[in-house]
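*Asks:* Can you read through this structure? Questions will come right after.
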Amino acid sequence: MTYKAVALISGGLDSLLAAKLIQEQGIHVEGINFFTGFCVEGHSHAIRKKDNEEVKRNNALWVAEQLGIKLHIVDVVEEHKDVVINPKHGYGANLNPCLDCKIFMVQKAHEWIEDNDFDFIITGEVMGQRPMSQRKSTMPVISDESGAKDLLLRPLCAHNLPETKPELQGWVDREKLHGITGRSRKPQMALADQFGFEDYTQPAGGGCFLTDPNYSVKFQDLWNNRGDKRYEPDDNMLLKVGRHIRPDNSFKLIIANEEGENHFMSGYKKQFQTIQTVSHSDPLTIIDGAKLNQQQIELACAINARYSKGRDEASVELVFSNPDQTFHSVHVKPMSVEDMPAKWQLA
Ligand code: SF4
């Protein structure tokens, strides 16, 4: 009989190795990748023109291709919101609810194996690698609260954990699993060499925007100014681009940092008030918030002009547009560095 396992595939090295170790034991492995909307790859890197020379790939698909396995990409954006907004176990150093998030993903994988008649779940977790979700004390919490219990096997650190059903039943040979602990990446890199894997990624912060301090500051500001914790996919996308400046509780400026972001943000012109510098090149600004009065428009334009190539000129011409595409010209003196309070600058 061939046993079947589903591997949580993030696109990083650990999940690649965990799946490979089980595949090597003759188990049929398929991958599952949960799309939360907070993955770094494929978003800002794909938007920014300055990153154009870098190869852009979907790392989860790349891992599946390396392993020769089927990958199921599951959109969990809506369900995952509750994890982000109300994490029972709290946040990590930033707005990352890693323990709740891991429990959620393993729970979804558990539902998936029941629906698809698979036998167990594999993750690339390594004990002691992550301060929140990959500690000795939190690993059993993930197994228990997800409902997966002893059907959750962590091949990279199995020797440090109680035996799971696949080991106890002899579906997999525990001796061929590992006991990796800690934050050093050397054991994983040695294993990657052994299997001949090259060109794998080891993204900082797990490749997740929620672990990014700048992103978290902007996200928290969004919640504070809305008066409640809620977000939509467009919020999520716009938090990933531009320079965010809040001169007033009622509105925020999102100023494109470069040409690729200018193009990307142009797609939002029918949704938001926008400012575009016309007498000098750069940048497009989106106004997120209430309809601006004339004084606020002039302030917003002066801030935008500060980030244009006309920043040292006496006057810069800009176009202020409304979502219905009506617009008017504005001439302003760019705001000086000294006049702009540091607290306005979110990130
Ligand atoms: S890094 Fe992001 S995706 Fe990974 S467990 Fe934490 S919150 Fe979830």
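Each chain in the structure tokens gets a letter, A, B and so on, in the order shown; residues start at 1 in every chain, and ligands are counted from 1 in the order they appear.
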Around ligand 1, at most 7 Å away and counting only C-alpha atoms and all ligand atoms, which residues are there? Put them as a count of residues only, please.

*Replies:* 14

*Asks:* Enumerate, as a VMD selection string, the complete set of residues in region 108-288 of chain A that a backbone-based DSSP assignment places in alpha helix (DSSP H).

*Replies:* chain A and resid 108 to 116 139 to 146 165 to 168 186 to 195 213 to 226 233 to 238 259 to 266

*Asks:* Write down as a VMD selection string the residues belonging to region 93-248 of chain A that are assigned strand (DSSP E) by DSSP computed on the backbone.

*Replies:* chain A and resid 120 to 122 152 to 153 243 to 248

*Asks:* Those same residues, written as a compact mmCIF listing (two decimals), in the first residue's frame with N, CA, C and O atoms?

*Replies:*
# COMPACT_ATOMS: atom_id res chain seq x y z
N PHE A 120 -1.57 11.64 6.11
CA PHE A 120 -0.97 12.53 7.12
C PHE A 120 -0.45 13.83 6.49
O PHE A 120 -0.52 14.01 5.27
N ILE A 121 0.04 14.71 7.38
CA ILE A 121 0.46 16.06 6.98
C ILE A 121 1.95 16.23 7.31
O ILE A 121 2.41 15.78 8.37
N ILE A 122 2.65 16.93 6.44
CA ILE A 122 4.08 17.22 6.68
C ILE A 122 4.26 18.74 6.71
O ILE A 122 3.71 19.45 5.88
N LEU A 152 0.30 14.97 12.29
CA LEU A 152 1.20 16.03 11.85
C LEU A 152 2.64 15.60 12.09
O LEU A 152 3.07 15.43 13.24
N LEU A 153 3.38 15.42 11.01
CA LEU A 153 4.77 14.97 11.10
C LEU A 153 5.69 16.09 10.64
O LEU A 153 5.48 16.68 9.58
N ARG A 243 5.37 55.39 -0.35
CA ARG A 243 5.73 56.02 0.91
C ARG A 243 4.42 56.49 1.54
O ARG A 243 3.62 57.15 0.87
N HIS A 244 4.17 56.14 2.79
CA HIS A 244 2.88 56.47 3.42
C HIS A 244 3.05 57.64 4.39
O HIS A 244 3.86 57.56 5.31
N ILE A 245 2.30 58.69 4.16
CA ILE A 245 2.40 59.91 4.99
C ILE A 245 1.02 60.32 5.46
O ILE A 245 0.10 60.45 4.64
N ARG A 246 0.88 60.48 6.76
CA ARG A 246 -0.43 60.87 7.30
C ARG A 246 -0.31 62.24 7.98
O ARG A 246 0.11 62.34 9.14
N PRO A 247 -0.71 63.31 7.27
CA PRO A 247 -0.65 64.64 7.88
C PRO A 247 -1.85 64.92 8.78
O PRO A 247 -1.84 65.89 9.54
N ASP A 248 -2.87 64.09 8.68
CA ASP A 248 -4.14 64.41 9.33
C ASP A 248 -4.87 63.08 9.57
O ASP A 248 -4.71 62.14 8.78

*Asks:* Pick out the residues sitting within 6 Å of region 71-74 of chain A, and hand them over as a PDB file with C-alpha atoms, in the first residue's frame; count only C-alpha atoms, and ignore anything fewer than 4 positions along from it in its own chain.

*Replies:*
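Result saved to part22.pdb:
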ATOM      1  CA  GLY A  31       1.853  19.996  -1.826  1.00  0.00           C
ATOM      2  CA  ILE A  32      -0.572  22.575  -0.496  1.00  0.00           C
ATOM      3  CA  ASN A  33       0.137  26.298  -0.503  1.00  0.00           C
ATOM      4  CA  PHE A  34      -2.164  28.724   1.281  1.00  0.00           C
ATOM      5  CA  PHE A  35      -2.569  32.145  -0.308  1.00  0.00           C
TER       6      PHE A  35
END

*Asks:* Tell me which of A:Val106, A:Ala7, A:Val172, A:Leu17 sits closest to Leu191 (chain A), counting only C-alpha atoms.

*Replies:*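 Checking each of A:Val106, A:Ala7, A:Val172, A:Leu17 against Leu191 (chain A), counting only C-alpha atoms, the winner is A:Leu17.
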
*Asks:* Which is closer to Ile69 (chain A) than all the others in A:Ala314, A:Val29, A:Ala256, A:Met132, using only C-alpha atoms?

*Replies:*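 So, comparing all the options, the nearest one is A:Val29.
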
*Asks:* Got a sec: who's within 7 Å of Gly11 (chain A), counting only C-alpha atoms, leaving out chain neighbours fewer than 5 positions off, as a PyMOL selection string?

*Replies:* chain A and resi 59-60+63

*Asks:* With only C-alpha atoms as the counted atoms, please give the residues lying no more than 12 Å from Leu346 (chain A), apart from itself and same-chain residues fewer than 6 positions off, as number ranges by chain.

*Replies:* A: 213-222, 239, 242-247, 252-255

*Asks:* I'd like to know which of A:Ser184, A:Ser308, A:Thr123, A:Gln23 is closest to Gln66 (chain A), using only C-alpha atoms.

*Replies:*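 Between A:Ser184, A:Ser308, A:Thr123, A:Gln23, the residue approaching Gln66 (chain A) most closely is A:Gln23.
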
*Asks:* Have a look at A:Asp339, A:Val77, A:Met127, A:Pro283 and name the one nearest to Glu261 (chain A); count only C-alpha atoms.

*Replies:* A:Pro283

*Asks:* Choose the residue, out of A:Ile113, A:Gln276, A:Leu21, A:Leu8, that has the smallest atom-to-atom separation from His263 (chain A); count only C-alpha atoms.

*Replies:*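 Ranked by minimum distance to His263 (chain A), first place goes to A:Gln276.
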
*Asks:* Can you tell me how far CA of Gly12 (chain A) sits from CA of Asp119 (chain A), in Å to one decimal?

*Replies:*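 Taking CA of Gly12 (chain A) as the start and CA of Asp119 (chain A) as the end point, the length is 23.6 Å.
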
*Asks:* So, with only C-alpha atoms as the atoms that count, which of A:Gln134, A:Ser10, A:Thr274, A:Gln188 lies closest to Ala64 (chain A)?

*Replies:* A:Ser10

*Asks:* With a distance cut-off of 12 Å and only C-alpha atoms, select the neighbouring residues of Pro233 (chain A), excluding the residue or stretch itself and same-chain residues fewer than 5 positions from it, and output the selection as a list in words.

*Replies:*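 Contacts, with the query itself left out: Thr36, Gly37, Phe38, Val76, Val77, Glu78, His80, Lys81, Leu238, Leu239 and Lys240 of chain A.
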